[in-house]
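Single-structure report; data block below.
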Amino acid sequence: MSFLDIAKSRQSCRAYDANRPVEEEKIMAILEAAQLAPSACNSQPYHFSVCRGEAAKKVSKACSGMGMNKFSADAPVMIVVSEMPYNRTAAIGAKLKANDYRSIDIGITTAYLTAEADSQGLGTCIMGWLDDAKIREICNLDGAVRLVIALGYPKEGDPLRKKVRKDMAELVSFHN
Ligand SMILES: Cc1cc2nc3c(=O)[nH]c(=O)nc-3n(C[C@H](O)[C@H](O)[C@H](O)COP(=O)(O)O)c2cc1C
């Protein structure tokens, strides 16, 4: 499978098979992909808390305020991505260049993680609608919770949706 194939088949899964657990080796492969992601100054300013069972249910609830993300209750795994401090060089670079490399790095590692999940036949949904304080308490975290990723097998028959994206003319410009 090429990366483009994965990019075309990955989609936000909002219908999980609650009765089908995710194999340990698949979870580890997905985490390895996240581990291999590039980051500014190789700082890797993130941590992954893998929640299953009761912890996953609690995290799902903490992502479901105001009626959002209710589908996540069926996901057997919830991966919490929290922020960790920069290393020294990334901290200096971020300050001098006034650039939030941590958020960029978290986005990249999350992209790697969700791409590998897709290649393993699993569904994911990246969720930014979350209750930071509640999830910190559940996972015993000091760093800010930036994203939660619901992970599990899609429900039988969950269709691949048509991608809605800006067209190339709007998205890209070429310069010589
Ligand atoms: C940073 C971020 C936060 C997101 N938060 C949520 C969320 O809280 N709930 C949700 O259902 N989808 C969420 N999404 C998924 C987007 O809605 C989705 O990626 C986008 O509409 C494109 O659809 P696709 O992922 O199916 O290709 C989030 C995606 C990203 C990258």
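Ordering of the structure tokens sets the chain letters (A, B, ...), residue numbers begin anew at 1 in every chain, and ligands are numbered from 1 in the order given.
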Site check for ligand 1: residues at most 9 Å away, only C-alpha atoms and all ligand atoms, as number ranges by chain:
A: 7-14, 63-64, 68-72, 107, 110-111, 124-130, 146-148, 160-165
Run DSSP on the backbone and grab whatever in range 17-165 of chain A lands in strand (DSSP E or B); send it over as a list in words.
Tyr46, His47, Phe48, Ser49, Val50, Cys51, Arg52, Val77, Met78, Ile79, Val80, Val81, Ser82, Glu83, Gly123, Thr124, Cys125, Ile126, Met127, Val145, Arg146, Leu147, Val148, Ile149, Ala150, Leu151, Gly152 and Pro154 of chain A
Export N, CA and C atoms of the chosen residues as a PDB file, in the first residue's frame?
ATOM      1  N   TYR A  46       5.913  15.220  23.340  1.00  0.00           N
ATOM      2  CA  TYR A  46       4.579  14.648  23.534  1.00  0.00           C
ATOM      3  C   TYR A  46       4.666  13.323  24.286  1.00  0.00           C
ATOM      4  N   HIS A  47       3.489  12.944  24.801  1.00  0.00           N
ATOM      5  CA  HIS A  47       3.373  11.664  25.510  1.00  0.00           C
ATOM      6  C   HIS A  47       2.043  11.038  25.104  1.00  0.00           C
ATOM      7  N   PHE A  48       2.025   9.718  25.003  1.00  0.00           N
ATOM      8  CA  PHE A  48       0.810   9.002  24.628  1.00  0.00           C
ATOM      9  C   PHE A  48       0.319   8.181  25.820  1.00  0.00           C
ATOM     10  N   SER A  49      -0.906   8.413  26.225  1.00  0.00           N
ATOM     11  CA  SER A  49      -1.518   7.592  27.286  1.00  0.00           C
ATOM     12  C   SER A  49      -2.556   6.705  26.609  1.00  0.00           C
ATOM     13  N   VAL A  50      -2.292   5.397  26.623  1.00  0.00           N
ATOM     14  CA  VAL A  50      -3.189   4.450  25.944  1.00  0.00           C
ATOM     15  C   VAL A  50      -4.244   3.983  26.956  1.00  0.00           C
ATOM     16  N   CYS A  51      -5.490   4.329  26.690  1.00  0.00           N
ATOM     17  CA  CYS A  51      -6.564   4.020  27.640  1.00  0.00           C
ATOM     18  C   CYS A  51      -7.478   2.942  27.081  1.00  0.00           C
ATOM     19  N   ARG A  52      -7.723   1.928  27.901  1.00  0.00           N
ATOM     20  CA  ARG A  52      -8.644   0.848  27.530  1.00  0.00           C
ATOM     21  C   ARG A  52      -9.608   0.644  28.694  1.00  0.00           C
ATOM     22  N   VAL A  77     -10.315   1.696  22.385  1.00  0.00           N
ATOM     23  CA  VAL A  77      -9.053   2.325  22.818  1.00  0.00           C
ATOM     24  C   VAL A  77      -9.154   3.831  22.598  1.00  0.00           C
ATOM     25  N   MET A  78      -8.641   4.568  23.572  1.00  0.00           N
ATOM     26  CA  MET A  78      -8.541   6.027  23.420  1.00  0.00           C
ATOM     27  C   MET A  78      -7.086   6.392  23.720  1.00  0.00           C
ATOM     28  N   ILE A  79      -6.461   7.064  22.774  1.00  0.00           N
ATOM     29  CA  ILE A  79      -5.063   7.455  22.983  1.00  0.00           C
ATOM     30  C   ILE A  79      -5.023   8.964  23.232  1.00  0.00           C
ATOM     31  N   VAL A  80      -4.545   9.314  24.404  1.00  0.00           N
ATOM     32  CA  VAL A  80      -4.471  10.727  24.802  1.00  0.00           C
ATOM     33  C   VAL A  80      -3.083  11.249  24.446  1.00  0.00           C
ATOM     34  N   VAL A  81      -3.055  12.348  23.683  1.00  0.00           N
ATOM     35  CA  VAL A  81      -1.772  12.945  23.316  1.00  0.00           C
ATOM     36  C   VAL A  81      -1.603  14.219  24.144  1.00  0.00           C
ATOM     37  N   SER A  82      -0.610  14.188  25.022  1.00  0.00           N
ATOM     38  CA  SER A  82      -0.382  15.372  25.867  1.00  0.00           C
ATOM     39  C   SER A  82       0.971  15.976  25.546  1.00  0.00           C
ATOM     40  N   GLU A  83       1.078  17.252  25.934  1.00  0.00           N
ATOM     41  CA  GLU A  83       2.273  18.017  25.597  1.00  0.00           C
ATOM     42  C   GLU A  83       3.355  17.812  26.655  1.00  0.00           C
ATOM     43  N   GLY A 123      -9.826   1.922  12.446  1.00  0.00           N
ATOM     44  CA  GLY A 123     -10.370   3.265  12.297  1.00  0.00           C
ATOM     45  C   GLY A 123      -9.885   4.157  13.431  1.00  0.00           C
ATOM     46  N   THR A 124      -9.774   5.451  13.128  1.00  0.00           N
ATOM     47  CA  THR A 124      -9.393   6.427  14.155  1.00  0.00           C
ATOM     48  C   THR A 124     -10.242   7.682  13.989  1.00  0.00           C
ATOM     49  N   CYS A 125     -10.369   8.421  15.066  1.00  0.00           N
ATOM     50  CA  CYS A 125     -10.891   9.786  14.946  1.00  0.00           C
ATOM     51  C   CYS A 125     -10.075  10.672  15.878  1.00  0.00           C
ATOM     52  N   ILE A 126      -9.460  11.682  15.300  1.00  0.00           N
ATOM     53  CA  ILE A 126      -8.709  12.664  16.083  1.00  0.00           C
ATOM     54  C   ILE A 126      -9.741  13.604  16.705  1.00  0.00           C
ATOM     55  N   MET A 127      -9.649  13.814  18.009  1.00  0.00           N
ATOM     56  CA  MET A 127     -10.626  14.692  18.658  1.00  0.00           C
ATOM     57  C   MET A 127      -9.918  15.816  19.425  1.00  0.00           C
ATOM     58  N   VAL A 145      -3.395  18.371  27.688  1.00  0.00           N
ATOM     59  CA  VAL A 145      -3.927  17.377  26.733  1.00  0.00           C
ATOM     60  C   VAL A 145      -4.271  18.127  25.454  1.00  0.00           C
ATOM     61  N   ARG A 146      -3.657  17.730  24.371  1.00  0.00           N
ATOM     62  CA  ARG A 146      -3.886  18.431  23.093  1.00  0.00           C
ATOM     63  C   ARG A 146      -4.878  17.727  22.202  1.00  0.00           C
ATOM     64  N   LEU A 147      -4.790  16.394  22.153  1.00  0.00           N
ATOM     65  CA  LEU A 147      -5.689  15.623  21.288  1.00  0.00           C
ATOM     66  C   LEU A 147      -6.008  14.293  21.951  1.00  0.00           C
ATOM     67  N   VAL A 148      -7.140  13.743  21.579  1.00  0.00           N
ATOM     68  CA  VAL A 148      -7.462  12.360  21.940  1.00  0.00           C
ATOM     69  C   VAL A 148      -7.776  11.642  20.625  1.00  0.00           C
ATOM     70  N   ILE A 149      -7.249  10.434  20.491  1.00  0.00           N
ATOM     71  CA  ILE A 149      -7.501   9.668  19.265  1.00  0.00           C
ATOM     72  C   ILE A 149      -8.309   8.426  19.630  1.00  0.00           C
ATOM     73  N   ALA A 150      -9.529   8.363  19.102  1.00  0.00           N
ATOM     74  CA  ALA A 150     -10.348   7.159  19.267  1.00  0.00           C
ATOM     75  C   ALA A 150      -9.808   6.112  18.301  1.00  0.00           C
ATOM     76  N   LEU A 151      -9.708   4.862  18.775  1.00  0.00           N
ATOM     77  CA  LEU A 151      -9.124   3.799  17.944  1.00  0.00           C
ATOM     78  C   LEU A 151      -9.937   2.516  18.099  1.00  0.00           C
ATOM     79  N   GLY A 152     -10.225   1.882  16.990  1.00  0.00           N
ATOM     80  CA  GLY A 152     -10.952   0.607  17.041  1.00  0.00           C
ATOM     81  C   GLY A 152     -11.286   0.147  15.639  1.00  0.00           C
ATOM     82  N   PRO A 154     -13.702  -0.294  12.600  1.00  0.00           N
ATOM     83  CA  PRO A 154     -14.960   0.328  12.171  1.00  0.00           C
ATOM     84  C   PRO A 154     -16.086  -0.703  12.198  1.00  0.00           C
TER      85      PRO A 154
END
Restricting the calculation to only C-alpha atoms: of A:Ala75, A:Gln120, A:Ile104, A:Asn42, which residue gets closest to Arg88 in chain A?
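When distances to Arg88 in chain A are compared using only C-alpha atoms, the smallest one comes from A:Asn42.
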Go through A:Val59, A:Ser2, A:Ala40, A:Asp131 one by one, measure the shortest atom-to-atom distance of each to Asn99 in chain A using only C-alpha atoms, and give the residue with the smallest value.
A:Ala40
Identify which of the residues A:Pro85, A:Lys166, A:Lys97, A:Ala55 lies closest to Ile135 in chain A, counting only C-alpha atoms when measuring atom-to-atom distances.
A:Ala55
Considering only helix (DSSP H, G or I) as DSSP defines it on the backbone, what residues of range 96-161 of chain A qualify? List them as a count of residues only.
29
Tell me, in Å to one decimal, how far CA of Pro21 in chain A is from CA of Thr109 in chain A.
23.3 Å
Can you work out the spacing between CA of Gln44 in chain A and CA of Glu24 in chain A in Å, to one decimal?
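One can read the CA of Gln44 in chain A to CA of Glu24 in chain A distance as 23.3 Å.
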Who sits within 8 Å of Glu116 in chain A, only C-alpha atoms, same chain under 5 positions skipped, as a count of residues only
3
Please indicate the distance in Å from CA of Lys134 in chain A to CA of Ala73 in chain A, rounded to one decimal place.
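Between CA of Lys134 in chain A and CA of Ala73 in chain A the gap works out to 15.9 Å.
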Name the closest residue to Asp100 in chain A among the candidates A:Leu113, A:Tyr86, A:Asp118, A:Glu54; distances are taken between atoms, counting only C-alpha atoms.
A:Tyr86
Which residues are near Thr89 in chain A? Cut-off 9 Å, only C-alpha atoms, ignore same chain within fewer than 3 positions. Put them as a ChimeraX atom specification.
/A:40-41,43,86,92-94
Convert the current residue selection to file output with N, CA and C atoms, as an mmCIF file, in the first residue's frame.
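Resulting contents of again.cif:
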data_model
loop_
_atom_site.group_PDB
_atom_site.id
_atom_site.type_symbol
_atom_site.label_atom_id
_atom_site.label_comp_id
_atom_site.auth_asym_id
_atom_site.auth_seq_id
_atom_site.Cartn_x
_atom_site.Cartn_y
_atom_site.Cartn_z
ATOM 1 N N ALA A 40 10.650 19.010 15.646
ATOM 2 C CA ALA A 40 11.643 20.095 15.653
ATOM 3 C C ALA A 40 12.771 19.770 16.630
ATOM 4 N N CYS A 41 14.010 19.784 16.148
ATOM 5 C CA CYS A 41 15.193 19.454 16.953
ATOM 6 C C CYS A 41 15.065 18.072 17.602
ATOM 7 N N SER A 43 12.806 16.934 19.308
ATOM 8 C CA SER A 43 12.422 17.186 20.701
ATOM 9 C C SER A 43 11.346 16.202 21.214
ATOM 10 N N TYR A 86 9.711 21.094 25.628
ATOM 11 C CA TYR A 86 10.699 21.065 24.544
ATOM 12 C C TYR A 86 12.042 20.613 25.095
ATOM 13 N N ILE A 92 14.789 27.078 22.394
ATOM 14 C CA ILE A 92 15.462 28.300 21.905
ATOM 15 C C ILE A 92 14.927 28.659 20.510
ATOM 16 N N GLY A 93 14.861 27.650 19.632
ATOM 17 C CA GLY A 93 14.355 27.876 18.267
ATOM 18 C C GLY A 93 12.947 28.441 18.281
ATOM 19 N N ALA A 94 12.082 27.866 19.118
ATOM 20 C CA ALA A 94 10.682 28.303 19.174
ATOM 21 C C ALA A 94 10.596 29.756 19.624
#
Between A:Pro76, A:Gly143, A:Gly65, A:Gly157, single out the one closest to Pro45 in chain A, counting only C-alpha atoms.
A:Gly143
Compile the contact shell of Ile6 in chain A as a PDB file with C-alpha atoms, in the first residue's frame: residues with an atom at most 8 Å away, counting only C-alpha atoms, same-chain residues fewer than 5 positions apart removed.
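Contents of the output file selection_23.pdb:
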ATOM      1  CA  MET A   1       0.000   0.000   0.000  1.00  0.00           C
ATOM      2  CA  ALA A 115      -1.925   6.509   8.969  1.00  0.00           C
ATOM      3  CA  ASP A 118      -5.433   2.757   8.705  1.00  0.00           C
ATOM      4  CA  SER A 119      -2.834   0.444   7.188  1.00  0.00           C
TER       5      SER A 119
END
